[in-house]
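Q: What follows is a structure written as structure tokens; I'll ask about it next.
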Amino acid sequence: MAGKTALIAGSTGLIGKELLHFLLNGSEYEKVIAIVRRPLENAHPKLEEKIVDFDRLDQYIESFAVDDVFCCLGTTIKKAKTQEAMWKIDVDYPVAIARLASSQEAKRFLLVSSMNADPNSPIFYSKMKGKLEEEIKQIPFETTAIFRPSLLLGEREEFRFGEKAAAAIFTKVPFLFAGPFKKYRAIEGKTVASAMYRAAQLNRSGVTIYPSEQIQEIGG
């Protein structure tokens, strides 16, 4: 498996920054391409940083000639300001990345989605993630892995009150998330990153959905 090339989008986020660490320090990848809006504060001999305009990704098509693609893109309505802007980041960009990678014969596409992804949901966020999954499933890869984590734990650049409050509840009363409620248990961003990294090394074909409890088992 050594000698592979990976591409990562969303390497500055909670999951992405942990995943980038795994990709750079593991032995499976010879080169890691990170497509970013602004320079990373990360120097590594295996890292090739590519500053791109995400609205014109086709201009960088040569960067998508890789083995494995890891997509951790995502934002909040607070940062995006509008649902349209959020949809562009959470759906349009990942789909564009997948299509370009497929056209360059990438083998595996690994995507961070959401636990409640459902294209028919009346909730905007869940519907958005469900539509994203539908689009990605239609793009031909040898392996498509979709990760649906529950509430994410970890240090973010921006403060998110809802996540902090939920994390506090989980920490103090973890027994509430046992048995049938186990799937709602909060999960560390690092655990999701580890699961994505390990899943990319499995010899699986077709589309695989990883629910949060399975992500915990693989990446914990």
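Every chain in the structure tokens has a letter given in the order shown (A, B, ...), and although residue numbers restart at 1 in each chain, ligands are simply numbered from 1 in the order shown.
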Find the residues around Ala186 in chain A up to 6 Å (only C-alpha atoms counted), leave out those fewer than 4 positions away in its own chain, and share them as a PyMOL selection string.

A: chain A and resi 150-152

Q: Restricted to C-alpha atoms, what would the selected residues look like written as an mmCIF file, in the first residue's frame?

A:
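Saved the output as part.cif:
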```cif
data_model
loop_
_atom_site.group_PDB
_atom_site.id
_atom_site.type_symbol
_atom_site.label_atom_id
_atom_site.label_comp_id
_atom_site.auth_asym_id
_atom_site.auth_seq_id
_atom_site.Cartn_x
_atom_site.Cartn_y
_atom_site.Cartn_z
ATOM 1 C CA SER A 150 -22.874 12.249 15.899
ATOM 2 C CA LEU A 151 -21.993 15.331 17.967
ATOM 3 C CA LEU A 152 -18.307 16.119 17.504
#
```

Q: In chain A, what's helix (DSSP H, G or I) per DSSP? Answer as a PyMOL selection string?

A: chain A and resi 14-25+54-64+77-80+83-103+124-137+161-172+174-177+179-184+189-199+212-219

Q: From range 61-135 of chain A, collect each residue whose DSSP state is strand (DSSP E or B) and return the set as a PyMOL selection string.

A: chain A and resi 68-71+108-112

Q: Next, dump the selected residues to file, keeping only N, CA and C atoms, as an mmCIF file, in the first residue's frame.

A:
```
data_model
loop_
_atom_site.group_PDB
_atom_site.id
_atom_site.type_symbol
_atom_site.label_atom_id
_atom_site.label_comp_id
_atom_site.auth_asym_id
_atom_site.auth_seq_id
_atom_site.Cartn_x
_atom_site.Cartn_y
_atom_site.Cartn_z
ATOM 1 N N ASP A 68 -6.410 8.346 -3.200
ATOM 2 C CA ASP A 68 -7.484 8.476 -2.213
ATOM 3 C C ASP A 68 -7.817 9.941 -1.972
ATOM 4 N N VAL A 69 -9.114 10.239 -1.881
ATOM 5 C CA VAL A 69 -9.579 11.599 -1.619
ATOM 6 C C VAL A 69 -10.349 11.606 -0.295
ATOM 7 N N PHE A 70 -9.980 12.515 0.588
ATOM 8 C CA PHE A 70 -10.639 12.665 1.880
ATOM 9 C C PHE A 70 -11.299 14.040 1.911
ATOM 10 N N CYS A 71 -12.616 14.072 2.075
ATOM 11 C CA CYS A 71 -13.351 15.333 2.064
ATOM 12 C C CYS A 71 -13.974 15.593 3.431
ATOM 13 N N ARG A 108 -10.484 5.900 -4.346
ATOM 14 C CA ARG A 108 -11.312 5.931 -3.148
ATOM 15 C C ARG A 108 -11.725 7.361 -2.811
ATOM 16 N N PHE A 109 -12.978 7.510 -2.360
ATOM 17 C CA PHE A 109 -13.484 8.815 -1.923
ATOM 18 C C PHE A 109 -14.107 8.628 -0.545
ATOM 19 N N LEU A 110 -13.576 9.361 0.439
ATOM 20 C CA LEU A 110 -14.035 9.243 1.813
ATOM 21 C C LEU A 110 -14.597 10.581 2.261
ATOM 22 N N LEU A 111 -15.832 10.569 2.746
ATOM 23 C CA LEU A 111 -16.585 11.790 2.992
ATOM 24 C C LEU A 111 -17.126 11.862 4.412
ATOM 25 N N VAL A 112 -17.004 13.029 5.031
ATOM 26 C CA VAL A 112 -17.657 13.276 6.313
ATOM 27 C C VAL A 112 -19.058 13.817 6.036
#
```

Q: Identify which of the residues A:Leu153, A:Val207, A:Leu23, A:Met128 lies closest to Gly189 in chain A, counting only C-alpha atoms when measuring atom-to-atom distances.

A: A:Leu153

Q: Please indicate the distance in Å from CA of Ala6 in chain A to CA of Lys31 in chain A, rounded to one decimal place.

A: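 CA of Lys31 in chain A lies at a distance of 6.4 Å from CA of Ala6 in chain A.
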
Q: Out of A:Thr76, A:Asn203, A:Gln138, A:Asn42, which residue has the shortest atom-to-atom distance to Arg99 in chain A when counting only C-alpha atoms?

A: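 For Arg99 in chain A, the nearest of the candidates is A:Gln138.
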
Q: Write out as a short mmCIF file (atom, residue, chain, number, x, y, z; two decimals) with C-alpha atoms, in the first residue's frame which residues come within 12 Å of Gly130 in chain A when counting only C-alpha atoms, dropping same-chain ones fewer than 3 positions away.

A:
```
data_model
loop_
_atom_site.label_atom_id
_atom_site.label_comp_id
_atom_site.auth_asym_id
_atom_site.auth_seq_id
_atom_site.Cartn_x
_atom_site.Cartn_y
_atom_site.Cartn_z
CA TRP A 87 -25.05 24.58 0.48
CA ASP A 90 -21.23 21.53 2.15
CA VAL A 91 -22.60 20.14 -1.13
CA VAL A 112 -17.66 13.28 6.31
CA SER A 113 -21.45 13.56 6.40
CA SER A 114 -23.85 13.70 9.36
CA MET A 115 -25.68 11.21 11.56
CA ASN A 116 -29.12 12.42 10.50
CA ALA A 117 -28.43 12.79 6.77
CA ASP A 118 -31.73 12.36 4.92
CA PRO A 119 -32.59 13.90 1.53
CA ASN A 120 -36.28 13.97 2.52
CA SER A 121 -35.82 15.56 5.93
CA PRO A 122 -37.74 18.78 6.71
CA ILE A 123 -34.62 19.96 8.58
CA PHE A 124 -32.34 21.92 6.25
CA TYR A 125 -29.02 20.57 7.57
CA SER A 126 -30.11 16.92 7.47
CA LYS A 127 -31.65 17.36 4.01
CA GLU A 133 -24.69 11.68 -0.10
CA GLU A 134 -27.05 11.03 -3.01
CA GLU A 135 -24.80 12.99 -5.37
CA ILE A 136 -21.60 11.33 -4.15
CA LYS A 137 -23.05 7.82 -4.48
CA ILE A 146 -19.42 7.91 3.97
CA ARG A 148 -21.94 9.82 9.74
#
```

Q: For Asp53 in chain A, which residue among A:Gly13, A:Val36, A:Val66, A:Lys81 is the nearest when counting only C-alpha atoms?

A: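 Closest candidate: A:Val36.
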
Q: For Ile51 in chain A, list every protein, DNA or RNA residue within 8 Å, evaluated using only C-alpha atoms, and leave out those in the same chain fewer than 2 positions away; present the list as a ChimeraX atom specification.

A: /A:35-39,49,53

Q: Using only C-alpha atoms, which of the listed residues (A:Leu100, A:Ala199, A:Val95, A:Ala106) sits closest to Ala145 in chain A?

A: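 Closest residue, counting only C-alpha atoms: A:Ala199.
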
Q: I need the residue nearest Thr75 in chain A from this list: A:Thr12, A:Gln104, A:Thr143, A:Ser63. Use only C-alpha atoms for the distance.

A: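 Smallest distance to Thr75 in chain A is found for A:Thr12.
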
Q: Find the spatial neighbours of Asn25 in chain A, counting only C-alpha atoms, within a cut-off of 10 Å - ignore same-chain residues fewer than 5 positions away - and output them as a ChimeraX atom specification.

A: /A:19-20,44,46

Q: Filtering to C-alpha atoms, could you give me those residues as a tab-separated table (two decimals), in the first residue's frame?

A:
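Listed below is the output, part04.tsv:
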```tsv
chain	number	residue	atom	x	y	z
A	19	LEU	CA	-6.71	13.51	9.54
A	20	LEU	CA	-3.91	15.51	7.95
A	44	HIS	CA	6.21	18.45	6.15
A	46	LYS	CA	5.21	14.77	2.21
```
